[in-house]
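> Just so it is clear, I am handing over entry_36.cif, which has mmCIF, C-alpha atoms.
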```
data_coords
#
loop_
_atom_site.label_atom_id
_atom_site.label_comp_id
_atom_site.auth_asym_id
_atom_site.auth_seq_id
_atom_site.Cartn_x
_atom_site.Cartn_y
_atom_site.Cartn_z
CA MET A 1 15.59 20.14 -9.10
CA LEU A 2 16.23 17.03 -7.00
CA TRP A 3 13.38 14.81 -5.84
CA SER A 4 12.89 12.58 -2.87
CA LYS A 5 10.47 9.66 -3.08
CA PRO A 6 8.21 11.06 -0.32
CA LEU A 7 8.01 14.42 -2.10
CA ILE A 8 6.98 12.84 -5.41
CA SER A 9 4.50 10.68 -3.54
CA ARG A 10 2.95 13.71 -1.79
CA LEU A 11 2.81 15.83 -4.96
CA THR A 12 1.01 12.98 -6.76
CA ARG A 13 -1.46 12.77 -3.89
CA TYR A 14 -2.07 16.53 -3.90
CA LEU A 15 -2.69 16.34 -7.62
CA ARG A 16 -5.33 13.62 -7.19
CA VAL A 17 -7.18 15.58 -4.52
CA LEU A 18 -6.95 18.82 -6.53
CA ARG A 19 -8.45 17.14 -9.60
CA GLN A 20 -11.27 15.77 -7.45
CA LEU A 21 -11.91 19.21 -5.96
CA ARG A 22 -11.91 20.80 -9.40
CA SER A 23 -14.41 18.22 -10.67
CA LEU A 24 -16.63 19.20 -7.73
CA GLY A 25 -16.54 22.82 -8.91
CA PHE A 26 -14.10 24.21 -6.33
CA ALA A 27 -11.76 27.02 -7.37
CA LYS A 28 -9.66 27.60 -4.24
CA VAL A 29 -8.13 25.42 -1.55
CA PHE A 30 -6.35 26.10 1.74
CA SER A 31 -3.19 24.25 2.73
CA ASN A 32 -4.84 22.80 5.84
CA ASN A 33 -7.73 21.29 3.81
CA LEU A 34 -5.32 19.82 1.29
CA GLY A 35 -3.15 18.50 4.12
CA ASP A 36 -6.16 16.91 5.81
CA ALA A 37 -7.13 15.13 2.60
CA VAL A 38 -3.63 13.75 2.12
CA GLY A 39 -2.87 13.11 5.76
CA VAL A 40 -0.09 15.64 6.32
CA SER A 41 0.04 18.95 8.17
CA ALA A 42 -0.63 22.31 6.53
CA ALA A 43 3.02 23.16 7.19
CA VAL A 44 4.18 20.22 5.08
CA VAL A 45 1.89 21.29 2.23
CA ARG A 46 3.26 24.83 2.33
CA LYS A 47 6.86 23.59 2.55
CA ASP A 48 6.31 21.28 -0.45
CA PHE A 49 4.74 24.09 -2.49
CA SER A 50 7.51 26.44 -1.59
CA ALA A 51 10.06 23.77 -2.63
CA ILE A 52 8.52 23.78 -6.11
CA SER A 53 8.28 27.60 -6.09
CA ILE A 54 4.53 27.89 -5.65
CA GLY A 55 3.74 30.95 -3.59
CA GLY A 56 0.89 31.02 -1.11
CA ASN A 57 -1.93 33.44 -0.65
CA LYS A 58 -2.94 33.28 2.97
CA ARG A 59 -6.13 35.23 2.48
CA GLY A 60 -8.04 33.31 -0.14
CA GLY A 61 -6.20 30.02 -0.40
CA TYR A 62 -4.41 28.58 -3.43
CA ASP A 63 -5.95 28.67 -6.89
CA ILE A 64 -6.73 25.06 -7.82
CA ASP A 65 -6.25 25.42 -11.58
CA TYR A 66 -2.89 27.07 -11.00
CA LEU A 67 -1.77 24.33 -8.60
CA ILE A 68 -2.79 21.57 -11.00
CA ARG A 69 -0.95 23.26 -13.86
CA GLU A 70 2.22 23.82 -11.85
CA ILE A 71 2.36 20.38 -10.21
CA THR A 72 1.59 18.64 -13.50
CA GLU A 73 4.32 20.61 -15.19
CA ILE A 74 6.88 19.89 -12.51
CA LEU A 75 6.04 16.17 -12.30
CA GLY A 76 6.51 15.88 -16.03
CA LYS A 77 4.46 15.58 -19.17
CA ARG A 78 1.45 13.29 -19.06
CA GLU A 79 1.65 10.86 -21.90
CA PRO A 80 -0.73 7.94 -21.42
CA GLN A 81 1.14 5.73 -19.00
CA GLU A 82 1.04 2.05 -19.76
CA ALA A 83 1.66 -0.85 -17.44
CA VAL A 84 1.44 -4.63 -17.70
CA LEU A 85 0.36 -7.17 -15.11
CA VAL A 86 1.93 -10.58 -14.60
CA GLY A 87 0.00 -13.33 -12.82
CA CYS A 88 -3.70 -13.46 -13.72
CA GLY A 89 -4.90 -15.41 -10.70
CA ARG A 90 -7.57 -14.08 -8.34
CA MET A 91 -5.73 -10.94 -7.26
CA GLY A 92 -4.40 -10.23 -10.76
CA SER A 93 -7.83 -10.64 -12.36
CA ALA A 94 -9.42 -8.43 -9.72
CA ILE A 95 -6.93 -5.68 -10.58
CA LEU A 96 -7.34 -6.13 -14.34
CA GLN A 97 -11.10 -5.77 -13.99
CA ASN A 98 -10.98 -2.83 -11.61
CA LYS A 99 -12.00 0.16 -13.71
CA ALA A 100 -11.15 2.57 -10.89
CA ILE A 101 -7.44 2.00 -11.49
CA GLU A 102 -7.58 3.43 -14.99
CA LYS A 103 -7.60 7.08 -14.05
CA GLU A 104 -5.34 9.92 -15.01
CA ASP A 105 -4.20 8.29 -18.24
CA ILE A 106 -2.97 5.13 -16.53
CA ARG A 107 -3.75 1.96 -18.48
CA ILE A 108 -2.92 -1.67 -17.93
CA VAL A 109 -2.40 -2.76 -21.53
CA ALA A 110 -1.69 -6.48 -21.14
CA GLY A 111 -1.83 -9.33 -18.68
CA PHE A 112 0.49 -12.35 -18.72
CA ASP A 113 0.13 -15.78 -17.24
CA VAL A 114 1.97 -19.07 -17.38
CA GLU A 115 -1.27 -21.06 -17.77
CA LYS A 116 -2.35 -21.42 -21.38
CA GLU A 117 -6.05 -21.62 -20.34
CA LYS A 118 -5.90 -18.05 -19.10
CA VAL A 119 -4.68 -16.65 -22.42
CA ASP A 120 -7.43 -14.48 -23.96
CA HIS A 121 -6.43 -12.06 -26.69
CA THR A 122 -9.98 -10.73 -26.99
CA ALA A 123 -10.46 -9.67 -23.33
CA ALA A 124 -10.83 -5.97 -22.50
CA VAL A 125 -7.22 -6.21 -21.32
CA PRO A 126 -5.76 -8.99 -23.47
CA ILE A 127 -4.03 -11.81 -21.61
CA TYR A 128 -0.96 -13.39 -23.23
CA HIS A 129 1.17 -16.36 -22.41
CA ILE A 130 4.25 -15.40 -20.43
CA ALA A 131 6.47 -16.62 -23.28
CA GLU A 132 5.41 -13.47 -25.16
CA LEU A 133 6.28 -11.11 -22.31
CA LYS A 134 9.59 -9.79 -23.58
CA LYS A 135 8.36 -9.26 -27.13
CA ILE A 136 5.21 -7.36 -26.13
CA VAL A 137 6.76 -5.32 -23.32
CA ARG A 138 9.60 -4.22 -25.60
CA ALA A 139 7.33 -3.48 -28.56
CA GLN A 140 5.06 -1.28 -26.44
CA LYS A 141 7.98 0.18 -24.44
CA VAL A 142 6.20 -0.57 -21.17
CA GLU A 143 8.21 0.49 -18.13
CA VAL A 144 5.88 -0.35 -15.22
CA ALA A 145 4.54 -3.75 -14.16
CA VAL A 146 2.20 -5.12 -11.51
CA LEU A 147 3.40 -8.41 -10.02
CA THR A 148 0.63 -10.71 -8.79
CA VAL A 149 2.37 -14.06 -9.25
CA PRO A 150 2.77 -16.69 -6.50
CA ASP A 151 5.68 -15.98 -4.18
CA GLU A 152 7.75 -18.85 -5.54
CA ASN A 153 7.76 -17.31 -9.05
CA ALA A 154 8.30 -13.71 -7.99
CA GLN A 155 12.08 -13.49 -8.38
CA GLU A 156 12.14 -15.21 -11.78
CA VAL A 157 9.33 -13.06 -13.22
CA PHE A 158 10.94 -9.93 -11.77
CA GLU A 159 14.18 -10.73 -13.60
CA ARG A 160 12.34 -11.41 -16.86
CA LEU A 161 10.58 -8.06 -16.58
CA LEU A 162 13.85 -6.27 -15.83
CA ASP A 163 15.38 -7.92 -18.86
CA ALA A 164 12.44 -6.72 -20.99
CA GLY A 165 13.05 -3.13 -19.88
CA VAL A 166 10.54 -2.70 -17.05
CA ARG A 167 11.84 -0.38 -14.34
CA GLY A 168 8.88 0.28 -12.02
CA PHE A 169 7.29 -2.60 -10.10
CA LEU A 170 4.19 -2.80 -7.96
CA ASN A 171 4.94 -5.98 -6.03
CA PHE A 172 1.96 -7.81 -4.49
CA THR A 173 4.03 -10.85 -3.52
CA SER A 174 5.61 -11.12 -0.10
CA VAL A 175 9.05 -11.61 -1.63
CA PRO A 176 11.25 -8.56 -0.90
CA LEU A 177 12.36 -7.90 -4.48
CA LYS A 178 15.19 -5.47 -4.91
CA CYS A 179 16.51 -3.78 -8.03
CA PRO A 180 20.01 -5.00 -8.92
CA ASP A 181 22.68 -2.31 -8.48
CA ALA A 182 23.30 -2.33 -12.22
CA GLN A 183 19.72 -1.23 -12.86
CA LEU A 184 19.30 1.29 -10.05
CA SER A 185 20.89 4.12 -12.00
CA ASP A 186 18.56 3.17 -14.81
CA GLY A 187 15.47 4.18 -12.86
CA CYS A 188 14.54 0.95 -11.15
CA VAL A 189 11.95 1.28 -8.35
CA VAL A 190 9.99 -1.40 -6.46
CA HIS A 191 6.87 -0.62 -4.43
CA HIS A 192 5.47 -3.30 -2.17
CA VAL A 193 1.80 -3.87 -1.43
CA ASN A 194 1.68 -6.43 1.35
CA ILE A 195 -1.86 -6.78 2.66
CA GLY A 196 -0.91 -9.08 5.55
CA LEU A 197 1.79 -6.67 6.69
CA GLU A 198 -0.60 -3.71 6.40
CA LEU A 199 -3.08 -5.54 8.62
CA GLU A 200 -0.41 -6.42 11.16
CA ILE A 201 0.69 -2.76 11.35
CA LEU A 202 -2.97 -1.70 11.77
CA PHE A 203 -3.42 -3.99 14.77
CA TYR A 204 -0.41 -2.44 16.48
CA LEU A 205 -1.48 1.11 15.59
CA VAL A 206 -5.02 0.60 16.92
CA ARG A 207 -3.62 -0.74 20.16
CA ALA A 208 -1.11 2.08 20.58
CA ALA A 209 -3.78 4.67 19.77
CA LYS A 210 -6.15 3.13 22.30
CA GLU A 211 -3.46 3.16 24.93
CA GLY A 212 -2.84 6.82 24.15
CA THR A 213 0.80 6.19 23.27
CA LEU A 214 0.56 7.11 19.57
CA THR A 215 1.95 10.55 18.78
CA MET B 1 6.99 5.12 25.62
CA LEU B 2 5.42 7.17 22.83
CA TRP B 3 5.05 5.78 19.34
CA SER B 4 4.95 7.35 15.93
CA LYS B 5 3.19 5.58 13.07
CA PRO B 6 6.39 5.24 11.01
CA LEU B 7 8.22 3.70 13.98
CA ILE B 8 5.49 1.09 14.54
CA SER B 9 5.44 0.42 10.82
CA ARG B 10 9.22 -0.12 10.71
CA LEU B 11 9.30 -2.31 13.84
CA THR B 12 6.58 -4.52 12.33
CA ARG B 13 8.60 -4.80 9.13
CA TYR B 14 11.80 -5.67 11.02
CA LEU B 15 9.86 -8.34 12.88
CA ARG B 16 8.64 -9.93 9.64
CA VAL B 17 12.14 -10.04 8.18
CA LEU B 18 13.60 -11.36 11.44
CA ARG B 19 11.06 -14.20 11.56
CA GLN B 20 11.89 -15.06 7.95
CA LEU B 21 15.61 -15.05 8.72
CA ARG B 22 15.07 -17.25 11.76
CA SER B 23 13.04 -19.72 9.72
CA LEU B 24 16.00 -19.89 7.33
CA GLY B 25 18.26 -20.85 10.23
CA PHE B 26 20.04 -17.54 10.73
CA ALA B 27 21.10 -16.57 14.26
CA LYS B 28 22.63 -13.09 13.77
CA VAL B 29 21.86 -10.07 11.63
CA PHE B 30 23.62 -6.77 10.94
CA SER B 31 21.77 -3.47 10.91
CA ASN B 32 22.70 -2.83 7.28
CA ASN B 33 21.25 -6.17 6.12
CA LEU B 34 18.06 -5.57 8.07
CA GLY B 35 17.87 -2.04 6.70
CA ASP B 36 18.36 -3.29 3.14
CA ALA B 37 15.51 -5.77 3.55
CA VAL B 38 13.15 -3.11 4.89
CA GLY B 39 14.32 -0.28 2.66
CA VAL B 40 15.89 2.01 5.27
CA SER B 41 19.49 2.85 6.13
CA ALA B 42 21.50 1.01 8.77
CA ALA B 43 21.51 4.25 10.77
CA VAL B 44 17.70 4.24 10.95
CA VAL B 45 17.72 0.62 12.14
CA ARG B 46 20.22 1.43 14.87
CA LYS B 47 18.32 4.55 15.89
CA ASP B 48 15.06 2.60 16.11
CA PHE B 49 16.68 -0.15 18.19
CA SER B 50 18.27 2.37 20.48
CA ALA B 51 14.85 4.08 20.88
CA ILE B 52 13.48 0.80 22.24
CA SER B 53 16.61 0.23 24.33
CA ILE B 54 18.14 -2.55 22.26
CA GLY B 55 21.89 -2.28 22.34
CA GLY B 56 24.07 -3.11 19.36
CA ASN B 57 27.02 -5.38 19.03
CA LYS B 58 29.08 -4.04 16.17
CA ARG B 59 31.29 -7.09 15.93
CA GLY B 60 28.90 -9.96 15.44
CA GLY B 61 25.60 -8.31 14.66
CA TYR B 62 22.36 -8.50 16.60
CA ASP B 63 21.05 -11.78 17.98
CA ILE B 64 17.88 -12.58 16.02
CA ASP B 65 16.06 -14.43 18.81
CA TYR B 66 16.75 -11.58 21.18
CA LEU B 67 15.49 -8.99 18.67
CA ILE B 68 12.29 -10.94 17.99
CA ARG B 69 11.63 -11.31 21.72
CA GLU B 70 12.24 -7.64 22.46
CA ILE B 71 10.30 -6.21 19.50
CA THR B 72 7.39 -8.59 20.10
CA GLU B 73 7.33 -7.57 23.74
CA ILE B 74 7.44 -3.87 23.01
CA LEU B 75 4.81 -4.06 20.26
CA GLY B 76 2.48 -5.84 22.62
CA LYS B 77 1.17 -9.28 23.29
CA ARG B 78 0.24 -11.40 20.32
CA GLU B 79 -3.26 -12.65 20.73
CA PRO B 80 -4.68 -13.99 17.48
CA GLN B 81 -5.69 -10.85 15.66
CA GLU B 82 -9.02 -10.98 13.92
CA ALA B 83 -10.30 -8.82 11.09
CA VAL B 84 -13.42 -8.75 8.93
CA LEU B 85 -13.77 -7.85 5.28
CA VAL B 86 -16.69 -5.93 3.78
CA GLY B 87 -17.42 -6.14 0.05
CA CYS B 88 -16.97 -9.62 -1.40
CA GLY B 89 -16.60 -8.60 -5.06
CA ARG B 90 -13.56 -9.52 -7.13
CA MET B 91 -10.98 -7.73 -4.97
CA GLY B 92 -12.62 -8.80 -1.71
CA SER B 93 -12.83 -12.44 -2.76
CA ALA B 94 -9.23 -12.40 -3.92
CA ILE B 95 -8.16 -11.19 -0.48
CA LEU B 96 -10.39 -13.69 1.36
CA GLN B 97 -8.86 -16.54 -0.62
CA ASN B 98 -5.28 -15.35 -0.30
CA LYS B 99 -3.67 -17.71 2.20
CA ALA B 100 -0.51 -15.60 2.32
CA ILE B 101 -2.33 -12.94 4.33
CA GLU B 102 -2.97 -15.25 7.25
CA LYS B 103 0.45 -15.09 8.82
CA GLU B 104 1.58 -14.12 12.26
CA ASP B 105 -1.75 -14.95 13.88
CA ILE B 106 -3.73 -12.62 11.63
CA ARG B 107 -7.06 -14.07 10.56
CA ILE B 108 -9.93 -12.70 8.51
CA VAL B 109 -12.85 -14.29 10.36
CA ALA B 110 -15.82 -13.09 8.31
CA GLY B 111 -16.79 -11.45 5.04
CA PHE B 112 -19.88 -9.31 4.52
CA ASP B 113 -21.77 -8.37 1.39
CA VAL B 114 -24.98 -6.62 0.53
CA GLU B 115 -25.88 -9.24 -2.10
CA LYS B 116 -27.78 -12.18 -0.68
CA GLU B 117 -26.36 -14.52 -3.37
CA LYS B 118 -22.86 -14.04 -1.95
CA VAL B 119 -23.83 -15.17 1.54
CA ASP B 120 -22.14 -18.50 2.32
CA HIS B 121 -21.90 -19.57 5.94
CA THR B 122 -20.00 -22.73 5.03
CA ALA B 123 -17.10 -21.07 3.17
CA ALA B 124 -13.59 -21.28 4.62
CA VAL B 125 -14.15 -17.66 5.66
CA PRO B 126 -17.94 -17.46 6.13
CA ILE B 127 -19.71 -14.68 4.24
CA TYR B 128 -22.68 -13.00 5.92
CA HIS B 129 -25.25 -10.49 4.80
CA ILE B 130 -24.29 -6.96 5.76
CA ALA B 131 -27.39 -6.72 7.96
CA GLU B 132 -25.56 -9.01 10.40
CA LEU B 133 -22.41 -6.89 10.49
CA LYS B 134 -22.95 -5.11 13.79
CA LYS B 135 -24.05 -8.24 15.64
CA ILE B 136 -21.12 -10.38 14.48
CA VAL B 137 -18.43 -7.70 14.77
CA ARG B 138 -19.55 -6.87 18.32
CA ALA B 139 -19.88 -10.50 19.38
CA GLN B 140 -16.36 -11.31 18.18
CA LYS B 141 -14.95 -7.95 19.34
CA VAL B 142 -13.32 -7.39 15.95
CA GLU B 143 -11.44 -4.10 15.76
CA VAL B 144 -9.92 -4.19 12.26
CA ALA B 145 -11.70 -4.28 8.89
CA VAL B 146 -10.74 -4.47 5.22
CA LEU B 147 -12.95 -2.28 3.00
CA THR B 148 -13.38 -3.55 -0.56
CA VAL B 149 -16.80 -2.07 -1.33
CA PRO B 150 -17.58 0.13 -4.36
CA ASP B 151 -16.60 3.77 -3.84
CA GLU B 152 -20.20 4.92 -3.59
CA ASN B 153 -20.80 2.72 -0.53
CA ALA B 154 -17.51 3.40 1.22
CA GLN B 155 -18.60 6.19 3.59
CA GLU B 156 -21.78 4.41 4.70
CA VAL B 157 -20.05 1.09 5.36
CA PHE B 158 -17.22 2.91 7.15
CA GLU B 159 -19.73 4.52 9.52
CA ARG B 160 -21.47 1.20 10.15
CA LEU B 161 -18.15 -0.39 11.03
CA LEU B 162 -17.23 2.48 13.34
CA ASP B 163 -20.59 2.10 15.03
CA ALA B 164 -19.92 -1.63 15.50
CA GLY B 165 -16.62 -0.87 17.26
CA VAL B 166 -14.08 -1.26 14.45
CA ARG B 167 -11.16 1.13 14.84
CA GLY B 168 -8.58 0.05 12.24
CA PHE B 169 -9.42 0.20 8.53
CA LEU B 170 -7.58 -1.02 5.46
CA ASN B 171 -9.33 1.03 2.80
CA PHE B 172 -9.16 -0.26 -0.80
CA THR B 173 -11.68 2.29 -2.09
CA SER B 174 -10.52 5.60 -3.52
CA VAL B 175 -12.70 7.52 -1.04
CA PRO B 176 -10.48 9.40 1.46
CA LEU B 177 -12.15 8.11 4.62
CA LYS B 178 -11.23 9.88 7.81
CA CYS B 179 -11.87 8.94 11.39
CA PRO B 180 -14.31 11.34 13.07
CA ASP B 181 -12.66 13.48 15.77
CA ALA B 182 -14.83 11.78 18.40
CA GLN B 183 -13.26 8.41 17.56
CA LEU B 184 -9.66 9.48 17.08
CA SER B 185 -8.86 9.32 20.77
CA ASP B 186 -10.46 5.90 20.73
CA GLY B 187 -7.75 4.43 18.52
CA CYS B 188 -9.17 5.03 15.06
CA VAL B 189 -6.70 4.56 12.17
CA VAL B 190 -7.30 4.37 8.41
CA HIS B 191 -4.72 2.97 5.96
CA HIS B 192 -5.31 3.46 2.27
CA VAL B 193 -4.35 0.99 -0.44
CA ASN B 194 -4.92 2.80 -3.72
CA ILE B 195 -3.50 0.77 -6.60
CA GLY B 196 -4.10 3.47 -9.22
CA LEU B 197 -2.32 6.05 -7.08
CA GLU B 198 0.57 3.66 -6.43
CA LEU B 199 0.97 3.16 -10.18
CA GLU B 200 0.85 6.89 -10.85
CA ILE B 201 3.57 7.49 -8.25
CA LEU B 202 5.66 4.69 -9.80
CA PHE B 203 5.54 6.34 -13.23
CA TYR B 204 6.84 9.60 -11.78
CA LEU B 205 9.52 7.84 -9.73
CA VAL B 206 10.79 5.84 -12.70
CA ARG B 207 11.03 9.02 -14.75
CA ALA B 208 12.81 10.97 -12.01
CA ALA B 209 15.21 8.09 -11.41
CA LYS B 210 15.97 7.83 -15.14
CA GLU B 211 16.62 11.55 -15.31
CA GLY B 212 18.97 11.20 -12.35
CA THR B 213 16.98 13.67 -10.25
CA LEU B 214 15.86 11.21 -7.56
CA THR B 215 17.81 11.51 -4.32
#
```
Translate the structure described by the file into structure tokens.

Amino acid sequence: MLWSKPLISRLTRYLRVLRQLRSLGFAKVFSNNLGDAVGVSAAVVRKDFSAISIGGNKRGGYDIDYLIREITEILGKREPQEAVLVGCGRMGSAILQNKAIEKEDIRIVAGFDVEKEKVDHTAAVPIYHIAELKKIVRAQKVEVAVLTVPDENAQEVFERLLDAGVRGFLNFTSVPLKCPDAQLSDGCVVHHVNIGLELEILFYLVRAAKEGTLT
Amino acid sequence: MLWSKPLISRLTRYLRVLRQLRSLGFAKVFSNNLGDAVGVSAAVVRKDFSAISIGGNKRGGYDIDYLIREITEILGKREPQEAVLVGCGRMGSAILQNKAIEKEDIRIVAGFDVEKEKVDHTAAVPIYHIAELKKIVRAQKVEVAVLTVPDENAQEVFERLLDAGVRGFLNFTSVPLKCPDAQLSDGCVVHHVNIGLELEILFYLVRAAKEGTLT
């Protein structure tokens, strides 16, 4: 089947909530509860499930184990998924040391930095000099990277990662990186996390909501 | 006029790009360039502009100064916009010390932590004990907060902030905080930044794109 980015994003979110519910001992879930947890309407949940051929049971809700099995299957097999992080400054270190990120088989396997003093091969997540990036990324076949370098280095590091075979980027810089056309067909995706922009949007949303003009 | 969250989000993003273009000396911009920079199609840009009554000029592109003036006006007056941050651990400190966030009149004016050792009234962004949260937030009429506390404290801190008058939340915990119904009409909005979830989505997107099933 064909996927849109928002659909994959929602299915991943459903999966997270379903796993949490299962760990709490729940067996069934209704589309409106799942929608509430993910921030979409029950109709969207039902439409998404119907798109991936999951039938509903209006009486008792969906079976959680069944949903997890089906969504996992349709999203693809879950090998441990390994990422690297480039730029071990304050934000980068905070992410490397955040245990909460390493869920659902996701692991950050290496950090890279241009400063030799930051290199530490014995850390929980080893930190290498950036000169070793291509070698290590290729050897471990890493396809996803977190970018926490200063803005002025973002484009250069992005290109080095592309060259090493990375195709998915979580970009914490405020530089609007874009995959080159030549790599797009190769699975290149950039997600931006821009905290300043998120805050600016929040200010506008709060105002609009207060004025009663937010639909 | 009535606003949807995605529309406000896109207008804020256009505004950021337009300001960057202006600072580079550009005077005109085409809808397809602006769309590329924000990650939407030219048609969406034109539809958004038409929704806020900005007319196009197919020949020479849109006038950047005019766009900035109109979008700024429609999004509302730009007083300096002040936020607080709760939870001055690694992630919280990294955000407090990230100068790039303080753009476009956005300022984080105070940090709060439960640990007395973190209190530092003389820091660039002063850090207070959480016991002072309500007093300071109310006195400064702060309406937006960044939440970087451990998951187990998220709900409690969220409720304290609500009680102090905060209505916009940038939630870095993995707890799915939701505004209580009683506060929704009062402008309450929660945005989630979940780095683990973003990575998980990236892995799926890269795979789908590589398999050629991403639309």
> To test your reading of the syntax: which residues would the PyMOL selection byres ((chain A and resi 156-161) around 8) return for the file shown? Reply as a VMD selection string.
chain A and resid 86 133 to 134 145 147 153 to 155 162 to 166 177
> Pick the closest to A:Ile52 from A:Val206, A:Leu170, A:Ile195, A:Leu75: which is it, counting all atoms listed in the file?
A:Leu75
> Could you tell me how far atom CA of B:Asp120 lies from atom CA of B:Arg90, in Å and to one decimal?
15.6 Å
> For the atom pair atom CA of A:Cys88 and atom CA of A:Gly187, what is the interatomic distance in Å to one decimal place?
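Computing the Euclidean distance for atom CA of A:Cys88 and atom CA of A:Gly187 yields 26.1 Å.
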> Pick out the closest residue to chain A from this set: B:Val149, B:Val109, B:Leu2, B:Val84. Count only C-alpha atoms.
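Residue with the minimum atom-to-atom distance to chain A: B:Leu2.
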> Residues of chain B no more than 6 Å from chain A, counting all atoms listed in the file: send them over as a PDB file with C-alpha atoms, keeping the file's coordinate frame.

```
ATOM      1  CA  LEU B   2       5.420   7.170  22.830  1.00  0.00           C
ATOM      2  CA  TRP B   3       5.050   5.780  19.340  1.00  0.00           C
ATOM      3  CA  SER B   4       4.950   7.350  15.930  1.00  0.00           C
ATOM      4  CA  SER B   9       5.440   0.420  10.820  1.00  0.00           C
ATOM      5  CA  ARG B  90     -13.560  -9.520  -7.130  1.00  0.00           C
ATOM      6  CA  MET B  91     -10.980  -7.730  -4.970  1.00  0.00           C
ATOM      7  CA  ALA B  94      -9.230 -12.400  -3.920  1.00  0.00           C
ATOM      8  CA  ILE B 101      -2.330 -12.940   4.330  1.00  0.00           C
ATOM      9  CA  GLY B 168      -8.580   0.050  12.240  1.00  0.00           C
ATOM     10  CA  ASP B 186     -10.460   5.900  20.730  1.00  0.00           C
ATOM     11  CA  GLY B 187      -7.750   4.430  18.520  1.00  0.00           C
ATOM     12  CA  GLY B 196      -4.100   3.470  -9.220  1.00  0.00           C
ATOM     13  CA  ILE B 201       3.570   7.490  -8.250  1.00  0.00           C
ATOM     14  CA  LEU B 202       5.660   4.690  -9.800  1.00  0.00           C
ATOM     15  CA  VAL B 206      10.790   5.840 -12.700  1.00  0.00           C
ATOM     16  CA  ALA B 209      15.210   8.090 -11.410  1.00  0.00           C
ATOM     17  CA  LYS B 210      15.970   7.830 -15.140  1.00  0.00           C
ATOM     18  CA  THR B 213      16.980  13.670 -10.250  1.00  0.00           C
ATOM     19  CA  LEU B 214      15.860  11.210  -7.560  1.00  0.00           C
ATOM     20  CA  THR B 215      17.810  11.510  -4.320  1.00  0.00           C
TER      21      THR B 215
END
```
> Which distance in Å separates atom CA of B:Ile74 and atom CA of B:Ala51, to one decimal?
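According to the coordinates, atom CA of B:Ile74 and atom CA of B:Ala51 are separated by 11.1 Å.
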> So, with only C-alpha atoms as the atoms that count, which of B:Ile54, B:Val45, B:Val119, B:Ile130 lies closest to B:Leu67?
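The closest residue to B:Leu67 is B:Ile54.
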> Neighbouring residues of A:Val29 were defined as those with any atom within 10 Å, considering all atoms listed in the file; residues of the same chain fewer than 3 positions away were excluded. Please report them as JSON, numbers by chain.
{"A": [18, 21, 22, 26, 32, 33, 34, 60, 61, 62, 63, 64, 67]}
> Padding 6 Å on every side, please: axis-aligned box over the listed atoms of stretch 163-166 of chain B, centre and edge lengths to one decimal in Å, as JSON.

```
{"center_x": -17.3, "center_y": 0.2, "center_z": 15.9, "size_x": 18.5, "size_y": 15.7, "size_z": 14.8}
```
> Please write as a count of residues only the full residue list that the PyMOL selection byres ((chain B and resi 125-127) around 8) yields on this file.
16
